[in-house]
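Novice: Enclosed is the structure file query_0.cif (mmCIF, C-alpha atoms, pLDDT in the B column; chains and numbers go by the auth columns).
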```
data_upload
#
loop_
_atom_site.group_PDB
_atom_site.id
_atom_site.type_symbol
_atom_site.label_atom_id
_atom_site.label_comp_id
_atom_site.label_asym_id
_atom_site.label_seq_id
_atom_site.Cartn_x
_atom_site.Cartn_y
_atom_site.Cartn_z
_atom_site.B_iso_or_equiv
_atom_site.auth_seq_id
_atom_site.auth_asym_id
ATOM 1 C CA MET A 1 14.914 13.105 339.323 65.00 1 A
ATOM 2 C CA ILE A 2 12.712 10.287 337.987 72.00 2 A
ATOM 3 C CA LEU A 3 13.488 10.664 334.274 79.00 3 A
ATOM 4 C CA ASP A 4 17.235 10.548 334.875 69.00 4 A
ATOM 5 C CA ARG A 5 16.691 7.034 336.222 64.00 5 A
ATOM 6 C CA HIS A 6 14.426 5.665 333.482 55.00 6 A
ATOM 7 C CA PRO A 7 15.129 1.989 332.546 56.00 7 A
ATOM 8 C CA THR A 8 17.019 2.689 329.314 50.00 8 A
ATOM 9 C CA ASN A 9 18.835 -0.639 329.345 51.00 9 A
ATOM 10 C CA GLN A 10 15.980 -2.773 330.638 65.00 10 A
ATOM 11 C CA ILE A 11 15.489 -5.856 328.460 67.00 11 A
ATOM 12 C CA PRO A 12 11.975 -7.346 328.152 76.00 12 A
ATOM 13 C CA ASN A 13 11.545 -10.895 329.381 78.00 13 A
ATOM 14 C CA SER A 14 9.302 -11.704 326.415 76.00 14 A
ATOM 15 C CA SER A 15 10.175 -11.838 322.725 76.00 15 A
ATOM 16 C CA LEU A 16 8.182 -10.207 319.950 70.00 16 A
ATOM 17 C CA GLU A 17 6.972 -13.660 318.912 74.00 17 A
ATOM 18 C CA GLU A 18 5.170 -13.907 322.266 88.00 18 A
ATOM 19 C CA LEU A 19 3.084 -10.775 321.675 91.00 19 A
ATOM 20 C CA ASP A 20 0.006 -12.801 320.714 92.00 20 A
ATOM 21 C CA SER A 21 0.256 -14.714 323.984 94.00 21 A
ATOM 22 C CA LEU A 22 0.552 -11.483 325.983 95.00 22 A
ATOM 23 C CA GLN A 23 -2.516 -10.097 324.232 96.00 23 A
ATOM 24 C CA GLU A 24 -4.494 -13.260 325.023 96.00 24 A
ATOM 25 C CA ARG A 25 -3.488 -13.019 328.673 97.00 25 A
ATOM 26 C CA PHE A 26 -4.581 -9.374 328.741 98.00 26 A
ATOM 27 C CA PHE A 27 -7.978 -10.452 327.408 97.00 27 A
ATOM 28 C CA LEU A 28 -8.283 -13.058 330.166 97.00 28 A
ATOM 29 C CA LEU A 29 -7.500 -10.392 332.754 98.00 29 A
ATOM 30 C CA GLN A 30 -10.138 -8.128 331.198 98.00 30 A
ATOM 31 C CA ARG A 31 -12.630 -10.965 331.543 97.00 31 A
ATOM 32 C CA GLU A 32 -11.600 -11.609 335.151 97.00 32 A
ATOM 33 C CA SER A 33 -11.875 -7.887 335.959 98.00 33 A
ATOM 34 C CA GLY A 34 -15.434 -8.008 334.687 97.00 34 A
ATOM 35 C CA ARG A 35 -16.178 -11.030 336.831 97.00 35 A
ATOM 36 C CA GLN A 36 -14.777 -9.307 339.932 97.00 36 A
ATOM 37 C CA LYS A 37 -16.398 -5.948 339.042 97.00 37 A
ATOM 38 C CA ILE A 38 -13.099 -4.069 339.271 97.00 38 A
ATOM 39 C CA ALA A 39 -12.454 -1.254 336.772 98.00 39 A
ATOM 40 C CA HIS A 40 -9.051 -0.154 335.512 97.00 40 A
ATOM 41 C CA ILE A 41 -7.829 3.161 334.124 97.00 41 A
ATOM 42 C CA PHE A 42 -4.627 3.040 332.077 97.00 42 A
ATOM 43 C CA ILE A 43 -2.883 6.408 331.768 97.00 43 A
ATOM 44 C CA LEU A 44 -0.582 6.342 328.744 96.00 44 A
ATOM 45 C CA GLU A 45 1.588 9.419 329.104 95.00 45 A
ATOM 46 C CA GLY A 46 4.920 10.409 327.636 94.00 46 A
ATOM 47 C CA PHE A 47 6.921 12.458 325.178 94.00 47 A
ATOM 48 C CA ALA A 48 5.581 13.313 321.733 91.00 48 A
ATOM 49 C CA SER A 49 6.352 10.611 319.142 91.00 49 A
ATOM 50 C CA SER A 50 7.028 8.027 321.861 93.00 50 A
ATOM 51 C CA GLY A 51 4.600 5.634 320.134 92.00 51 A
ATOM 52 C CA LYS A 52 1.622 5.888 322.490 92.00 52 A
ATOM 53 C CA GLY A 53 -0.875 5.324 319.674 91.00 53 A
ATOM 54 C CA SER A 54 0.864 2.181 318.431 92.00 54 A
ATOM 55 C CA ILE A 55 1.136 0.882 322.000 95.00 55 A
ATOM 56 C CA LEU A 56 -2.578 1.501 322.548 96.00 56 A
ATOM 57 C CA GLN A 57 -3.406 -0.416 319.372 95.00 57 A
ATOM 58 C CA SER A 58 -1.368 -3.418 320.536 95.00 58 A
ATOM 59 C CA LEU A 59 -2.993 -3.328 323.974 97.00 59 A
ATOM 60 C CA THR A 60 -6.575 -3.195 322.730 97.00 60 A
ATOM 61 C CA ILE A 61 -6.534 -5.351 319.583 96.00 61 A
ATOM 62 C CA ARG A 62 -7.608 -8.539 321.428 96.00 62 A
ATOM 63 C CA LEU A 63 -9.841 -6.986 324.083 97.00 63 A
ATOM 64 C CA ASP A 64 -13.631 -7.242 324.111 97.00 64 A
ATOM 65 C CA PRO A 65 -14.605 -3.904 322.483 96.00 65 A
ATOM 66 C CA ARG A 66 -17.833 -3.778 324.504 96.00 66 A
ATOM 67 C CA LYS A 67 -15.884 -3.530 327.757 97.00 67 A
ATOM 68 C CA PHE A 68 -13.251 -0.874 327.140 97.00 68 A
ATOM 69 C CA LYS A 69 -13.115 2.700 325.874 97.00 69 A
ATOM 70 C CA VAL A 70 -10.463 5.238 324.888 96.00 70 A
ATOM 71 C CA HIS A 71 -10.459 8.940 325.731 93.00 71 A
ATOM 72 C CA SER A 72 -8.004 11.160 323.873 89.00 72 A
ATOM 73 C CA PRO A 73 -8.845 14.897 323.970 83.00 73 A
ATOM 74 C CA TYR A 74 -6.695 17.507 322.264 77.00 74 A
ATOM 75 C CA VAL A 75 -4.279 18.706 324.932 76.00 75 A
ATOM 76 C CA ASP A 76 -3.597 22.034 323.236 67.00 76 A
ATOM 77 C CA GLN A 77 -7.300 22.735 322.573 65.00 77 A
ATOM 78 C CA SER A 78 -8.963 21.316 325.675 60.00 78 A
ATOM 79 C CA GLU A 79 -11.314 23.754 327.369 61.00 79 A
ATOM 80 C CA ASP A 80 -13.057 23.296 330.703 63.00 80 A
ATOM 81 C CA ARG A 81 -16.188 25.175 329.531 69.00 81 A
ATOM 82 C CA GLY A 82 -16.867 26.513 332.997 76.00 82 A
ATOM 83 C CA TYR A 83 -16.603 23.098 334.621 79.00 83 A
ATOM 84 C CA PRO A 84 -13.926 21.865 337.065 82.00 84 A
ATOM 85 C CA PHE A 85 -10.565 20.999 335.521 83.00 85 A
ATOM 86 C CA LEU A 86 -11.182 17.243 335.518 89.00 86 A
ATOM 87 C CA TRP A 87 -14.728 17.367 334.147 86.00 87 A
ATOM 88 C CA ASN A 88 -13.522 16.394 330.666 84.00 88 A
ATOM 89 C CA PHE A 89 -12.150 13.173 332.182 89.00 89 A
ATOM 90 C CA TRP A 90 -14.794 12.488 334.823 89.00 90 A
ATOM 91 C CA LYS A 91 -17.509 12.184 332.176 89.00 91 A
ATOM 92 C CA VAL A 92 -15.913 9.054 330.675 93.00 92 A
ATOM 93 C CA LEU A 93 -15.075 7.142 333.868 95.00 93 A
ATOM 94 C CA PRO A 94 -15.469 3.374 333.414 96.00 94 A
ATOM 95 C CA ARG A 95 -18.186 1.299 335.016 96.00 95 A
ATOM 96 C CA TYR A 96 -17.090 -1.444 337.407 97.00 96 A
ATOM 97 C CA GLY A 97 -15.478 -4.223 335.391 96.00 97 A
ATOM 98 C CA GLU A 98 -14.521 -2.037 332.420 98.00 98 A
ATOM 99 C CA PHE A 99 -11.183 -0.774 331.071 98.00 99 A
ATOM 100 C CA LEU A 100 -10.510 2.864 330.192 98.00 100 A
ATOM 101 C CA PHE A 101 -7.419 4.084 328.347 98.00 101 A
ATOM 102 C CA TYR A 102 -6.476 7.759 328.648 95.00 102 A
ATOM 103 C CA LEU A 103 -4.341 8.907 325.708 90.00 103 A
ATOM 104 C CA ASN A 104 -3.492 12.597 326.067 84.00 104 A
ATOM 105 C CA THR A 105 -4.204 12.939 329.728 91.00 105 A
ATOM 106 C CA TYR A 106 -4.771 15.597 332.353 93.00 106 A
ATOM 107 C CA TYR A 107 -1.024 15.390 332.980 95.00 107 A
ATOM 108 C CA SER A 108 -0.385 16.338 329.332 91.00 108 A
ATOM 109 C CA ARG A 109 -2.762 19.251 329.755 90.00 109 A
ATOM 110 C CA LEU A 110 -0.883 20.482 332.816 92.00 110 A
ATOM 111 C CA ALA A 111 2.469 20.114 331.035 92.00 111 A
ATOM 112 C CA TYR A 112 1.266 22.071 328.017 90.00 112 A
ATOM 113 C CA LEU A 113 -0.256 24.885 330.083 90.00 113 A
ATOM 114 C CA ARG A 114 2.898 25.148 332.167 92.00 114 A
ATOM 115 C CA SER A 115 5.140 25.193 329.098 91.00 115 A
ATOM 116 C CA GLN A 116 3.030 27.931 327.490 89.00 116 A
ATOM 117 C CA LYS A 117 2.906 29.855 330.782 91.00 117 A
ATOM 118 C CA LYS A 118 -0.888 29.861 330.605 89.00 118 A
ATOM 119 C CA ILE A 119 -1.332 28.783 334.204 90.00 119 A
ATOM 120 C CA SER A 120 -0.149 30.263 337.479 93.00 120 A
ATOM 121 C CA LEU A 121 1.876 28.223 339.936 93.00 121 A
ATOM 122 C CA ALA A 122 -1.001 28.367 342.438 95.00 122 A
ATOM 123 C CA GLU A 123 -3.499 27.055 339.866 92.00 123 A
ATOM 124 C CA TYR A 124 -1.024 24.391 338.750 94.00 124 A
ATOM 125 C CA ASP A 125 -0.655 23.165 342.351 94.00 125 A
ATOM 126 C CA HIS A 126 -4.451 23.222 342.814 93.00 126 A
ATOM 127 C CA ARG A 127 -5.031 21.123 339.686 92.00 127 A
ATOM 128 C CA LEU A 128 -2.329 18.650 340.611 94.00 128 A
ATOM 129 C CA LEU A 129 -3.884 18.220 344.054 94.00 129 A
ATOM 130 C CA SER A 130 -7.290 17.648 342.416 93.00 130 A
ATOM 131 C CA ILE A 131 -5.738 14.914 340.257 95.00 131 A
ATOM 132 C CA LEU A 132 -4.111 13.155 343.201 95.00 132 A
ATOM 133 C CA ASN A 133 -7.274 13.306 345.317 94.00 133 A
ATOM 134 C CA THR A 134 -9.359 11.944 342.444 94.00 134 A
ATOM 135 C CA GLU A 135 -6.973 9.070 341.723 94.00 135 A
ATOM 136 C CA ARG A 136 -6.895 8.160 345.408 94.00 136 A
ATOM 137 C CA ILE A 137 -10.689 8.178 345.723 94.00 137 A
ATOM 138 C CA LEU A 138 -11.072 6.044 342.587 94.00 138 A
ATOM 139 C CA SER A 139 -8.442 3.530 343.739 92.00 139 A
ATOM 140 C CA LYS A 140 -10.304 3.098 347.022 91.00 140 A
ATOM 141 C CA ASP A 141 -13.529 2.477 345.119 92.00 141 A
ATOM 142 C CA LYS A 142 -12.617 -0.443 342.841 93.00 142 A
ATOM 143 C CA ILE A 143 -11.307 1.731 339.986 96.00 143 A
ATOM 144 C CA ILE A 144 -7.556 1.104 339.832 96.00 144 A
ATOM 145 C CA VAL A 145 -5.333 3.702 338.136 96.00 145 A
ATOM 146 C CA HIS A 146 -2.250 2.404 336.277 96.00 146 A
ATOM 147 C CA LYS A 147 0.168 5.151 335.164 96.00 147 A
ATOM 148 C CA PHE A 148 2.779 4.685 332.448 96.00 148 A
ATOM 149 C CA PHE A 149 5.213 7.285 331.183 96.00 149 A
ATOM 150 C CA PHE A 150 7.001 6.583 327.892 96.00 150 A
ATOM 151 C CA HIS A 151 10.390 8.242 327.933 95.00 151 A
ATOM 152 C CA LEU A 152 12.063 9.248 324.666 94.00 152 A
ATOM 153 C CA SER A 153 15.549 10.637 324.238 93.00 153 A
ATOM 154 C CA LYS A 154 15.981 14.021 322.599 93.00 154 A
ATOM 155 C CA LYS A 155 17.930 12.438 319.729 94.00 155 A
ATOM 156 C CA GLU A 156 15.274 9.811 319.006 94.00 156 A
ATOM 157 C CA GLN A 157 12.406 12.305 319.253 93.00 157 A
ATOM 158 C CA LYS A 158 14.132 14.618 316.783 92.00 158 A
ATOM 159 C CA LYS A 159 14.628 11.694 314.384 93.00 159 A
ATOM 160 C CA ARG A 160 10.964 10.648 314.565 91.00 160 A
ATOM 161 C CA LEU A 161 9.676 14.183 314.091 90.00 161 A
ATOM 162 C CA GLU A 162 11.955 14.627 311.067 89.00 162 A
ATOM 163 C CA ASP A 163 10.785 11.283 309.653 89.00 163 A
ATOM 164 C CA ALA A 164 7.189 12.486 309.935 85.00 164 A
ATOM 165 C CA LYS A 165 8.068 15.515 307.790 82.00 165 A
ATOM 166 C CA LYS A 166 9.913 13.397 305.196 85.00 166 A
ATOM 167 C CA LYS A 167 6.971 11.005 304.906 84.00 167 A
ATOM 168 C CA LYS A 168 4.562 13.965 304.589 80.00 168 A
ATOM 169 C CA LYS A 169 2.839 12.967 307.806 79.00 169 A
ATOM 170 C CA GLU A 170 3.491 16.222 309.603 78.00 170 A
ATOM 171 C CA TRP A 171 -0.291 16.754 309.632 79.00 171 A
ATOM 172 C CA GLU A 172 -0.445 14.034 312.289 77.00 172 A
ATOM 173 C CA LEU A 173 1.519 16.243 314.689 82.00 173 A
ATOM 174 C CA SER A 174 -0.414 18.524 317.026 81.00 174 A
ATOM 175 C CA ALA A 175 0.737 21.904 318.259 81.00 175 A
ATOM 176 C CA TYR A 176 1.577 20.108 321.506 84.00 176 A
ATOM 177 C CA ASP A 177 3.856 17.657 319.676 86.00 177 A
ATOM 178 C CA LYS A 178 5.618 20.427 317.799 86.00 178 A
ATOM 179 C CA ASP A 179 6.058 22.472 320.975 88.00 179 A
ATOM 180 C CA GLN A 180 7.816 19.515 322.578 89.00 180 A
ATOM 181 C CA GLY A 181 10.116 19.143 319.583 88.00 181 A
ATOM 182 C CA GLU A 182 11.146 22.774 319.924 91.00 182 A
ATOM 183 C CA HIS A 183 11.505 22.748 323.721 92.00 183 A
ATOM 184 C CA TYR A 184 12.587 19.233 324.708 94.00 184 A
ATOM 185 C CA LYS A 185 14.625 20.325 327.749 94.00 185 A
ATOM 186 C CA ARG A 186 11.758 22.425 329.064 95.00 186 A
ATOM 187 C CA TYR A 187 9.333 19.504 328.804 94.00 187 A
ATOM 188 C CA PHE A 188 11.887 17.171 330.361 95.00 188 A
ATOM 189 C CA ARG A 189 11.957 19.378 333.448 95.00 189 A
ATOM 190 C CA ILE A 190 8.168 19.772 333.498 95.00 190 A
ATOM 191 C CA PHE A 191 7.471 16.046 333.093 95.00 191 A
ATOM 192 C CA ASP A 192 10.052 15.154 335.713 95.00 192 A
ATOM 193 C CA SER A 193 8.441 17.595 338.151 95.00 193 A
ATOM 194 C CA ILE A 194 4.956 16.233 337.440 96.00 194 A
ATOM 195 C CA LEU A 195 6.030 12.606 337.876 96.00 195 A
ATOM 196 C CA SER A 196 7.875 13.387 341.097 94.00 196 A
ATOM 197 C CA SER A 197 4.851 15.227 342.519 94.00 197 A
ATOM 198 C CA SER A 198 2.244 12.640 341.497 95.00 198 A
ATOM 199 C CA ARG A 199 3.862 9.395 342.663 90.00 199 A
ATOM 200 C CA THR A 200 1.633 7.736 345.224 89.00 200 A
ATOM 201 C CA ILE A 201 1.320 4.327 346.842 87.00 201 A
ATOM 202 C CA ASP A 202 -2.088 3.862 345.221 84.00 202 A
ATOM 203 C CA SER A 203 -0.990 4.874 341.722 88.00 203 A
ATOM 204 C CA PRO A 204 2.781 4.973 341.163 92.00 204 A
ATOM 205 C CA TRP A 205 4.373 5.794 337.816 95.00 205 A
ATOM 206 C CA ILE A 206 6.043 3.121 335.690 95.00 206 A
ATOM 207 C CA VAL A 207 8.592 4.792 333.402 95.00 207 A
ATOM 208 C CA ILE A 208 9.482 2.865 330.238 94.00 208 A
ATOM 209 C CA SER A 209 12.127 3.770 327.672 92.00 209 A
ATOM 210 C CA SER A 210 10.576 4.183 324.196 93.00 210 A
ATOM 211 C CA ASP A 211 13.663 4.507 322.019 92.00 211 A
ATOM 212 C CA HIS A 212 13.111 0.933 320.768 90.00 212 A
ATOM 213 C CA LYS A 213 9.462 0.493 319.784 87.00 213 A
ATOM 214 C CA ASP A 214 9.222 -3.304 319.924 87.00 214 A
ATOM 215 C CA ASP A 215 10.842 -3.488 323.367 90.00 215 A
ATOM 216 C CA THR A 216 8.479 -0.783 324.619 92.00 216 A
ATOM 217 C CA LYS A 217 5.378 -2.787 323.656 92.00 217 A
ATOM 218 C CA LEU A 218 6.656 -5.882 325.421 93.00 218 A
ATOM 219 C CA LEU A 219 7.692 -3.987 328.542 93.00 219 A
ATOM 220 C CA VAL A 220 4.323 -2.269 328.932 95.00 220 A
ATOM 221 C CA PHE A 221 2.491 -5.570 328.471 95.00 221 A
ATOM 222 C CA GLU A 222 4.658 -7.239 331.108 94.00 222 A
ATOM 223 C CA ALA A 223 4.126 -4.368 333.558 95.00 223 A
ATOM 224 C CA ILE A 224 0.347 -4.300 333.019 96.00 224 A
ATOM 225 C CA LEU A 225 -0.060 -8.057 333.283 97.00 225 A
ATOM 226 C CA GLU A 226 1.970 -8.176 336.494 95.00 226 A
ATOM 227 C CA SER A 227 -0.076 -5.354 338.038 95.00 227 A
ATOM 228 C CA LEU A 228 -3.445 -6.833 337.046 97.00 228 A
ATOM 229 C CA GLU A 229 -2.520 -10.332 338.183 97.00 229 A
ATOM 230 C CA ARG A 230 -1.504 -8.970 341.575 95.00 230 A
ATOM 231 C CA THR A 231 -4.703 -6.922 341.909 94.00 231 A
ATOM 232 C CA LEU A 232 -7.015 -9.733 340.764 96.00 232 A
ATOM 233 C CA ASN A 233 -5.053 -12.631 342.285 97.00 233 A
ATOM 234 C CA TYR A 234 -5.290 -14.330 338.904 97.00 234 A
ATOM 235 C CA ASP A 235 -2.540 -16.212 337.023 97.00 235 A
ATOM 236 C CA SER A 236 -3.225 -15.379 333.384 96.00 236 A
ATOM 237 C CA LYS A 237 -0.343 -17.456 332.065 94.00 237 A
ATOM 238 C CA ALA A 238 -1.469 -20.636 333.840 93.00 238 A
ATOM 239 C CA ASN A 239 -5.083 -20.083 332.818 93.00 239 A
ATOM 240 C CA LEU A 240 -4.107 -19.513 329.189 93.00 240 A
ATOM 241 C CA GLN A 241 -2.174 -22.785 329.225 90.00 241 A
ATOM 242 C CA MET A 242 -5.251 -24.554 330.577 89.00 242 A
ATOM 243 C CA ILE A 243 -7.345 -23.117 327.752 89.00 243 A
ATOM 244 C CA GLN A 244 -4.772 -24.146 325.149 85.00 244 A
ATOM 245 C CA ARG A 245 -4.886 -27.692 326.523 82.00 245 A
ATOM 246 C CA GLY A 246 -8.642 -27.705 326.052 77.00 246 A
ATOM 247 C CA MET A 247 -9.501 -27.590 329.757 66.00 247 A
ATOM 248 C CA GLU A 248 -11.630 -24.447 329.352 61.00 248 A
ATOM 249 C CA LEU A 249 -13.500 -22.962 326.425 54.00 249 A
ATOM 250 C CA ILE A 250 -12.727 -19.327 325.750 52.00 250 A
ATOM 251 C CA PRO A 251 -15.633 -17.179 324.485 53.00 251 A
#
```
Here is the file; what I need is its structure written in the form of structure tokens.
Specialist:
Amino acid sequence: MILDRHPTNQIPNSSLEELDSLQERFFLLQRESGRQKIAHIFILEGFASSGKGSILQSLTIRLDPRKFKVHSPYVDQSEDRGYPFLWNFWKVLPRYGEFLFYLNTYYSRLAYLRSQKKISLAEYDHRLLSILNTERILSKDKIIVHKFFFHLSKKEQKKRLEDAKKKKKEWELSAYDKDQGEHYKRYFRIFDSILSSSRTIDSPWIVISSDHKDDTKLLVFEAILESLERTLNYDSKANLQMIQRGMELIP
């Protein structure tokens, strides 16, 4: 089981004071991706209240807004409108050189439908196969898929959902979020099954513990930077140091 082995005790190599530097390096990698005409899709998946929105904000705050987009459909209200299952996601695919962030993904949709028993096992398998085939095709065509799952313990999720009620922010919670709060064990099993079935060489899952919000932000930055640097053959840290020494002007 993947979720039983999530990196609960992993300590980020960076400190919170280095967040600005990580964001600058991410911008440089966005710029280099544009130069090389390679697109990237970042799938931000995980338990309800795991902080995906806050993580997304940290990731995108320094990026060039002209060269990235975010797609976040309502998982519990998404309808295919007579189109194939992935149509709602195909229509926002990035152009070469752009970034796309999926928040509330096709994996969330599958998890919700399976939890609500609104999908047969045969249809579930068909949709999962469609996802894997699509990700493979995209990865072979200069659109790299990076998949992150933010794990949250049952105790911490319960605390965050209760805090939302106390702060009168329960309106921020979707039916999907509330369903997870009521059926944590069920979603644990569903997510673990989905992650196990959708691990591939082209687009593996990176599971990050989200019980400590600041550590989560640093860990996801480190994982993304490492992956992009390997794909682009570009040392963002060294190039940022060159810029800071005045050897290159940053736009």
Novice: Given the file shown, enumerate the residues that the PyMOL selection byres ((chain A and resi 27) around 12) captures and present them as a ChimeraX atom specification.
Specialist: /A:20-26,28-34,58-65,67-68,98-99,221,224-225,228,236-237,239-240,250-251
Novice: Can you list every residue of stretch 172-227 of chain A that has an atom at most 7 Å from stretch 146-166 of chain A, with its nearest atom pair and the distance in Å to one decimal, using all atoms listed in the file, ordered by chain then number, as JSON lines?
Specialist:
```
{"residue": "A:Gly181", "atom": "CA", "partner": "A:Lys158", "partner_atom": "CA", "distance": 6.7}
{"residue": "A:Tyr184", "atom": "CA", "partner": "A:Lys154", "partner_atom": "CA", "distance": 6.6}
{"residue": "A:Ser203", "atom": "CA", "partner": "A:His146", "partner_atom": "CA", "distance": 6.1}
{"residue": "A:Pro204", "atom": "CA", "partner": "A:Lys147", "partner_atom": "CA", "distance": 6.5}
{"residue": "A:Trp205", "atom": "CA", "partner": "A:Lys147", "partner_atom": "CA", "distance": 5.0}
{"residue": "A:Ile206", "atom": "CA", "partner": "A:Phe148", "partner_atom": "CA", "distance": 4.9}
{"residue": "A:Val207", "atom": "CA", "partner": "A:Phe149", "partner_atom": "CA", "distance": 4.7}
{"residue": "A:Ile208", "atom": "CA", "partner": "A:Phe150", "partner_atom": "CA", "distance": 5.0}
{"residue": "A:Ser209", "atom": "CA", "partner": "A:His151", "partner_atom": "CA", "distance": 4.8}
{"residue": "A:Ser210", "atom": "CA", "partner": "A:Leu152", "partner_atom": "CA", "distance": 5.3}
{"residue": "A:Asp211", "atom": "CA", "partner": "A:Leu152", "partner_atom": "CA", "distance": 5.7}
```
Novice: Using all atoms listed in the file, determine which residues lie at most 9 Å from A:Glu222, disregarding the query and same-chain residues fewer than 4 positions distant; provide the list as a list in words.
Specialist: Pro12, Asn13, Ser14, Leu22, Lys217, Leu218, Glu226 and Ser227 of chain A
Novice: Please report the interatomic distance between atom CA of A:Gly46 and atom CA of A:Lys213 in Å with one decimal.
Specialist: 13.4 Å
Novice: May I ask which of the residues A:Leu219, A:Asp202, A:Tyr96, A:Lys69 is the closest one to A:Arg35, counting all atoms listed in the file?
Specialist: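 So, comparing all the options, the nearest one is A:Tyr96.
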Novice: Kindly resolve the PyMOL selection byres ((chain A and resi 108-118) around 8) on the present coordinates and return the residues as a PDB file with C-alpha atoms, keeping the file's coordinate frame.
Specialist:
```pdb
ATOM      1  CA  GLU A  45       1.588   9.419 329.104  1.00 95.00           C
ATOM      2  CA  VAL A  75      -4.279  18.706 324.932  1.00 76.00           C
ATOM      3  CA  ASP A  76      -3.597  22.034 323.236  1.00 67.00           C
ATOM      4  CA  SER A  78      -8.963  21.316 325.675  1.00 60.00           C
ATOM      5  CA  ASN A 104      -3.492  12.597 326.067  1.00 84.00           C
ATOM      6  CA  THR A 105      -4.204  12.939 329.728  1.00 91.00           C
ATOM      7  CA  TYR A 106      -4.771  15.597 332.353  1.00 93.00           C
ATOM      8  CA  TYR A 107      -1.024  15.390 332.980  1.00 95.00           C
ATOM      9  CA  ILE A 119      -1.332  28.783 334.204  1.00 90.00           C
ATOM     10  CA  SER A 120      -0.149  30.263 337.479  1.00 93.00           C
ATOM     11  CA  TYR A 124      -1.024  24.391 338.750  1.00 94.00           C
ATOM     12  CA  TYR A 176       1.577  20.108 321.506  1.00 84.00           C
ATOM     13  CA  ARG A 186      11.758  22.425 329.064  1.00 95.00           C
ATOM     14  CA  TYR A 187       9.333  19.504 328.804  1.00 94.00           C
ATOM     15  CA  ILE A 190       8.168  19.772 333.498  1.00 95.00           C
ATOM     16  CA  PHE A 191       7.471  16.046 333.093  1.00 95.00           C
ATOM     17  CA  ILE A 194       4.956  16.233 337.440  1.00 96.00           C
TER      18      ILE A 194
END
```
Novice: Would you mind reading off the distance between atom CA of A:Leu232 and atom CA of A:Leu93, one decimal, in Å?
Specialist: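 According to the coordinates, atom CA of A:Leu232 and atom CA of A:Leu93 are separated by 19.9 Å.
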Novice: Run the PyMOL selection byres ((chain A and resi 131) around 12) on the file and write out the hits as a PyMOL selection string.
Specialist: chain A and resi 84-87+89-90+105-107+109-110+124-130+132-138+145+194+197-200+203
Novice: Restricted to C-alpha atoms, what would the selected residues look like written as a PDB file, in the coordinates of the input?
Specialist:
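Written out: selection_38.pdb:
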```pdb
ATOM      1  CA  PRO A  84     -13.926  21.865 337.065  1.00 82.00           C
ATOM      2  CA  PHE A  85     -10.565  20.999 335.521  1.00 83.00           C
ATOM      3  CA  LEU A  86     -11.182  17.243 335.518  1.00 89.00           C
ATOM      4  CA  TRP A  87     -14.728  17.367 334.147  1.00 86.00           C
ATOM      5  CA  PHE A  89     -12.150  13.173 332.182  1.00 89.00           C
ATOM      6  CA  TRP A  90     -14.794  12.488 334.823  1.00 89.00           C
ATOM      7  CA  THR A 105      -4.204  12.939 329.728  1.00 91.00           C
ATOM      8  CA  TYR A 106      -4.771  15.597 332.353  1.00 93.00           C
ATOM      9  CA  TYR A 107      -1.024  15.390 332.980  1.00 95.00           C
ATOM     10  CA  ARG A 109      -2.762  19.251 329.755  1.00 90.00           C
ATOM     11  CA  LEU A 110      -0.883  20.482 332.816  1.00 92.00           C
ATOM     12  CA  TYR A 124      -1.024  24.391 338.750  1.00 94.00           C
ATOM     13  CA  ASP A 125      -0.655  23.165 342.351  1.00 94.00           C
ATOM     14  CA  HIS A 126      -4.451  23.222 342.814  1.00 93.00           C
ATOM     15  CA  ARG A 127      -5.031  21.123 339.686  1.00 92.00           C
ATOM     16  CA  LEU A 128      -2.329  18.650 340.611  1.00 94.00           C
ATOM     17  CA  LEU A 129      -3.884  18.220 344.054  1.00 94.00           C
ATOM     18  CA  SER A 130      -7.290  17.648 342.416  1.00 93.00           C
ATOM     19  CA  LEU A 132      -4.111  13.155 343.201  1.00 95.00           C
ATOM     20  CA  ASN A 133      -7.274  13.306 345.317  1.00 94.00           C
ATOM     21  CA  THR A 134      -9.359  11.944 342.444  1.00 94.00           C
ATOM     22  CA  GLU A 135      -6.973   9.070 341.723  1.00 94.00           C
ATOM     23  CA  ARG A 136      -6.895   8.160 345.408  1.00 94.00           C
ATOM     24  CA  ILE A 137     -10.689   8.178 345.723  1.00 94.00           C
ATOM     25  CA  LEU A 138     -11.072   6.044 342.587  1.00 94.00           C
ATOM     26  CA  VAL A 145      -5.333   3.702 338.136  1.00 96.00           C
ATOM     27  CA  ILE A 194       4.956  16.233 337.440  1.00 96.00           C
ATOM     28  CA  SER A 197       4.851  15.227 342.519  1.00 94.00           C
ATOM     29  CA  SER A 198       2.244  12.640 341.497  1.00 95.00           C
ATOM     30  CA  ARG A 199       3.862   9.395 342.663  1.00 90.00           C
ATOM     31  CA  THR A 200       1.633   7.736 345.224  1.00 89.00           C
ATOM     32  CA  SER A 203      -0.990   4.874 341.722  1.00 88.00           C
TER      33      SER A 203
END
```
Novice: Skipping near chain neighbours, those fewer than 6 positions away, what residues fall within 10 Å of A:Asp214 using all atoms listed in the file, listed as a PyMOL selection string?
Specialist: chain A and resi 12+15-16+19+55
Novice: Kindly export the residues of the current selection with C-alpha atoms, as a tab-separated table (two decimals), keeping the file's coordinate frame.
Specialist:
```tsv
chain	number	residue	atom	x	y	z
A	12	PRO	CA	11.98	-7.35	328.15
A	15	SER	CA	10.18	-11.84	322.73
A	16	LEU	CA	8.18	-10.21	319.95
A	19	LEU	CA	3.08	-10.78	321.68
A	55	ILE	CA	1.14	0.88	322.00
```
Novice: Could you please determine the separation between atom CA of A:Asn233 and atom CA of A:Gly97 in Å, to one decimal place?
Specialist: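 According to the coordinates, atom CA of A:Asn233 and atom CA of A:Gly97 are separated by 15.1 Å.
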Novice: Box in all listed atoms of stretch 43-50 of chain A, axis-aligned, with 3 Å more on each side; write out centre and edge lengths in Å to one decimal as lines of an AutoDock Vina configuration file.
Specialist:
```
center_x = 2.1
center_y = 9.8
center_z = 325.5
size_x = 15.9
size_y = 13.0
size_z = 18.6
```
